[in-house]
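Remarks on the structure that follows.
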Amino acid sequence: MDYMYSGDLAIIDLESGEVDFREFTELDDYGPGFSSCLAVFKEYEESDPVVIGSGLFTGTTVPASCLGFVLAKDSDSDRVFTVPLNLYAGVEVKFSGFSAVAIIGNASSPVYVWLHDGVADVLDASNFASSDTWNTTDLIRSEMGDRLVQVISCGPFDNSHQFPKSASINYWGSLDPGHVAASFFRKNLKAVAIRGLGMIDAADPDAFFSSSLEFLKRCKPENGFALWNEQAAKIDEWVMPLVHRYRSCYGCPMACFPFLKYREQPSVLSSEGVEEPGILLTAYHALKLLKEKGFNPKEAMGVLEACLKMGLEAIALSSVIEPDAIKASENIVETVKTIQKENRIAIAPSAMFANWYSGEENSAFWETLNRAAYTLGICPIFLIKSGIDISEFYRLSGLACQTDFDQESVDASINRLI
Amino acid sequence: MSSRFERAARYPLFTLYRELFARALKDGNLLAPGIAVYTGSGASHSWIWFADLFERLCLYDISFLSETDIFSGALNGKDAFFIGGGDTLEMACALGGKGARLISNFVANGGFYYGSCAGAYLVLSGVDDGPFKPFNLFPGNMLNVMKNPPPPRCLQHKYTAPYGDRYVFHPVYGEVVIKKREAGKVPLIFQISNGIEAPLFGGPVIDSYVEDHVIALYGIKRTRAAFLWEFQEAARFLEGKPAVCAAPCGSGLVFVSGPHLEHPLYPAASCVIAEALFAHLNVYRSGCFLDDVQFPEIEFFSGWKYSESVFEVAKNLHPWAQQPSTSSRENNLKNVIYSLKRVLSNARIVAYGLEKMPVAWKIGLKVWEPEKIRMLLETAWVRVSSMSRRLIWDSYTERLENITEMYSRITSELKNLLFLIEKGADSDLEVRALIGELKKVTVAFLSLYFEVLKNSFQCGLPLNG
Ligand code: SF4
């Protein structure tokens, strides 16, 4: 594909430490985004691949074109599982100088992968393998000298594998129920850091630009998890007193994610200098459990922050923690660590795509929506909420890459592979 | 989305000059000049724009010279010498009387001198305070100087520079228009347009002692410029004053410009330089533009379009050659290039990080913002891939490895700088050292790059672009 992607497919073998590059012909054979990366995943299936990719429009002027993704093995079924890279991570994948990246094999000691401008480095992570995700992010960003480096990481390497872990995007949650983190642990892969200053070409840049801006004009901005569903709207209300601001992903006119300050006055815009004033909520499901168990919002934030730092899957942790444990705790992180050690929980059964909208894992609606979302690189929530029919987004593909895609052709490609 | 630079490089009239110089390089009937660019003390980052200009013009015999190189005779045998922006005082002090004499001799013996911004101030005969005295190649002065300039509306740090008991001042900073002068020799570009844009970043408003030496006049427009004076005031001061001038000097030509005609995003402005250089070297030797010259074989214009024959000539000049086959030596070179790419990418990522800091440094009289550091890095970055396609000789390996090592040190220095800034510590000394190193490695890279271009072209590989 001559447009919308730049660079090769990188195949990073952690076992040998070698990096190979080849033309990403799957783009032409299977189409952009999810299906071409799924083809790569299938090709390297035996080597336990982690495939990182982005959609056709990711990182462009199309609204909510923030979406990249990580494909990893579902730990239960060995089938493929997809975790969204939203916020700003997907965009960096697009500009990393690679059309897609496959990480195969297992390293003999902890490593991290540094993807930048068409260069892929496998670097030693031994000295921070036991760090939490926040420190890992800080360390890598400081090493690379740029706070915009996007870090997908997992918590401390501690050999305790009976509790679901979850990969983080920088400091925040990634909607990984455990499969990506489990792959990272198997591979001795502490993190993947991405930064790219590349560019992409559209076939008809002017028409593409003006059409995508037309979409933006038609959207009505909204805030909070209420965008997702009614249950989530209740969580919005519950945490409202702690909300400092709402954050959106790249290019999105909506702003789903509340930043909650519970160590500083949330109503004051400027910072009072507290180093870690609060957290960005990127999902509501664990909070719902904690609320039902009688946690107050501040306590719930403490639990979630500990999960984020330790790279623990928050829904699993929320299902086993009780308010008394937190009330009696002097150090929530330590308490959470202990609870994690004392409980054996399996990763929740998953369909092909992480579900963050309805909670119904196997909904056919969600699957079809996600096939489109990960092909186009547009957030599925936005696809629902924008009021714009998906077929209209598909129609932009001709301007973008001189090939017209629609749901039928995308489904046909994916069905060839699964 | 193609970069603005790529689009600029395809500017039609510019491609015509490119073909002319390519022709010179190819068949040797016309002179493909040996060019020197000043990168020594006082030069800011803007000299990298000359690299863009020459590459686009298929001029590959380029030397990047410090004052020390000039003292050791590096201008001998060169046909043209270019000085861009920077700190004029530091340049004058570094080059001194000896440098001034060598440059004068170079021009007197037929050389082409182009000075923009600081490079123009330097050679105005009326700018003769202290260290400037020996540099008097162009009969003229600067008009933008006064004892008490009024306070600026913005960009205080860019507004003035002391000059004796007066101040050189800049009422506009950014894009201006350079307009056709009604009489005298007129560059071809003004047959297309009466006014073309060019960036003015502190260059002189010229007081030419000889009217005939004036080539283009200043005009201003409201967009893409910061007005340090009210628009009307700035217009009153600048409109119709000389912006670009050229004067014969011995057998040579001295060409001075307030705006940076060489800026890569202003190809129409760059056409003026291209034409003057080509005409001086191949037509008059002491004349200037092509407007009254009939070329025997090439018809330049048919209205707004080129004649078919020009394109035919161009097409036939450079048949694409086959790339040589891969061998282990080439794999080795590939690895070396990959390492260079790695360190360059790391360096520019830190440089982007620096750009988010609210910081700027004053080195001498010149203000350095972090983006200038990145621009120097970009100069190499944007060329690495095309160089790798042309590297068919492993004799370059060692030089490439040295350059890689230098960029690797630059990355460490950049990280240290970032650390100091985050701590709120003073970083002036570090940045001075860093910029010095960065200039050196950029010169090393570009010298190698142009050598590769020249050699690969002579071996039959296609032209760049
Ligand atoms: S709708 Fe929400 S989750 Fe989706 S891109 Fe926008 S802010 Fe992000």
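Just remember, in the structure tokens the first chain shown is A, the second B, etc., residues are 1-based per chain, and ligands are 1-based in the order shown.
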**OP:** Please provide the set of residues having any atom within 6 Å of stretch 57-72 of chain A, restricted to only C-alpha atoms, with same-chain residues fewer than 3 positions apart removed, written as a ChimeraX atom specification.
**Re:** /A:50-54,80-86,90-91,180,212,216,250-252,376-379
Original post:
Which residues, written as an NGL selection string, have at least one atom at most 12 Å from A:Tyr112, with only C-alpha atoms counted and residues fewer than 2 positions away on the same chain left out?
Top reply: :A and (12 or 14 or 17 or 103 or 106-107 or 109-110 or 114-115 or 120-129 or 136-137 or 139-140 or 151-154 or 184-185 or 187-194)
**OP:** Could the residues of chain A within 7 Å of chain B, counting only C-alpha atoms, be given as number ranges by chain, please?
**Re:** A: 116-117, 119, 144-147, 200-202, 205
Write the selection just made, keeping N, CA and C atoms, as an mmCIF file, in the first residue's frame?
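Result file follows (selection35.cif):
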data_model
loop_
_atom_site.group_PDB
_atom_site.id
_atom_site.type_symbol
_atom_site.label_atom_id
_atom_site.label_comp_id
_atom_site.auth_asym_id
_atom_site.auth_seq_id
_atom_site.Cartn_x
_atom_site.Cartn_y
_atom_site.Cartn_z
ATOM 1 N N HIS A 116 11.507 3.435 17.103
ATOM 2 C CA HIS A 116 11.614 4.872 16.825
ATOM 3 C C HIS A 116 12.072 5.106 15.391
ATOM 4 N N ASP A 117 11.267 5.813 14.635
ATOM 5 C CA ASP A 117 11.661 6.265 13.302
ATOM 6 C C ASP A 117 12.213 5.147 12.418
ATOM 7 N N VAL A 119 13.552 2.392 13.394
ATOM 8 C CA VAL A 119 14.637 1.646 14.043
ATOM 9 C C VAL A 119 14.009 0.858 15.199
ATOM 10 N N MET A 144 15.058 8.234 27.119
ATOM 11 C CA MET A 144 14.904 8.667 25.725
ATOM 12 C C MET A 144 14.812 10.186 25.602
ATOM 13 N N GLY A 145 14.589 10.851 26.710
ATOM 14 C CA GLY A 145 14.621 12.309 26.698
ATOM 15 C C GLY A 145 13.382 12.968 26.132
ATOM 16 N N ASP A 146 12.249 12.272 26.160
ATOM 17 C CA ASP A 146 11.046 12.902 25.637
ATOM 18 C C ASP A 146 9.831 12.351 26.373
ATOM 19 N N ARG A 147 9.022 13.244 26.894
ATOM 20 C CA ARG A 147 7.856 12.805 27.656
ATOM 21 C C ARG A 147 6.743 12.279 26.762
ATOM 22 N N ILE A 200 2.919 10.353 7.071
ATOM 23 C CA ILE A 200 2.236 9.444 6.145
ATOM 24 C C ILE A 200 1.603 10.270 5.031
ATOM 25 N N ASP A 201 1.367 9.613 3.931
ATOM 26 C CA ASP A 201 0.769 10.291 2.776
ATOM 27 C C ASP A 201 -0.638 9.786 2.531
ATOM 28 N N ALA A 202 -1.550 10.689 2.196
ATOM 29 C CA ALA A 202 -2.859 10.268 1.694
ATOM 30 C C ALA A 202 -2.808 10.413 0.179
ATOM 31 N N PRO A 205 -4.559 14.231 -0.564
ATOM 32 C CA PRO A 205 -4.492 14.839 0.769
ATOM 33 C C PRO A 205 -5.511 15.954 0.995
#
Subject >> Atom-to-atom span, atom CA of B:Gly119 and atom CA of B:Asp52, Å >> reply: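 Atom CA of B:Asp52 lies 17.7 Å from atom CA of B:Gly119.
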**OP:** Could you pull out the residues sitting within 6 Å of ligand 1, using only C-alpha atoms and all ligand atoms, and write them as a list in words?
**Re:** Ala64, Ser248, Cys249, Cys252, Met254, Ala255, Cys256, Cys379, Ile381 and Phe382 of chain A
Give me a file of those residues, with C-alpha atoms, as a PDB file, in the first residue's frame.
ATOM      1  CA  ALA A  64     -11.025   9.919  17.001  1.00  0.00           C
ATOM      2  CA  SER A 248      -9.818  12.613  25.325  1.00  0.00           C
ATOM      3  CA  CYS A 249      -7.748  10.438  23.064  1.00  0.00           C
ATOM      4  CA  CYS A 252     -11.424  12.925  19.536  1.00  0.00           C
ATOM      5  CA  MET A 254     -15.473  13.434  22.957  1.00  0.00           C
ATOM      6  CA  ALA A 255     -13.651  13.181  26.274  1.00  0.00           C
ATOM      7  CA  CYS A 256     -14.459   9.951  28.047  1.00  0.00           C
ATOM      8  CA  CYS A 379     -12.344   4.444  18.321  1.00  0.00           C
ATOM      9  CA  ILE A 381     -17.103   4.317  21.076  1.00  0.00           C
ATOM     10  CA  PHE A 382     -16.798   7.257  18.761  1.00  0.00           C
TER      11      PHE A 382
END
Subject >> Which of stretch 125-261 of chain A DSSP labels helix (DSSP H, G or I), written as an MDAnalysis selection string >> reply: chainID A and resid 126:128 133:144 179:187 205:218 225:227 230:242
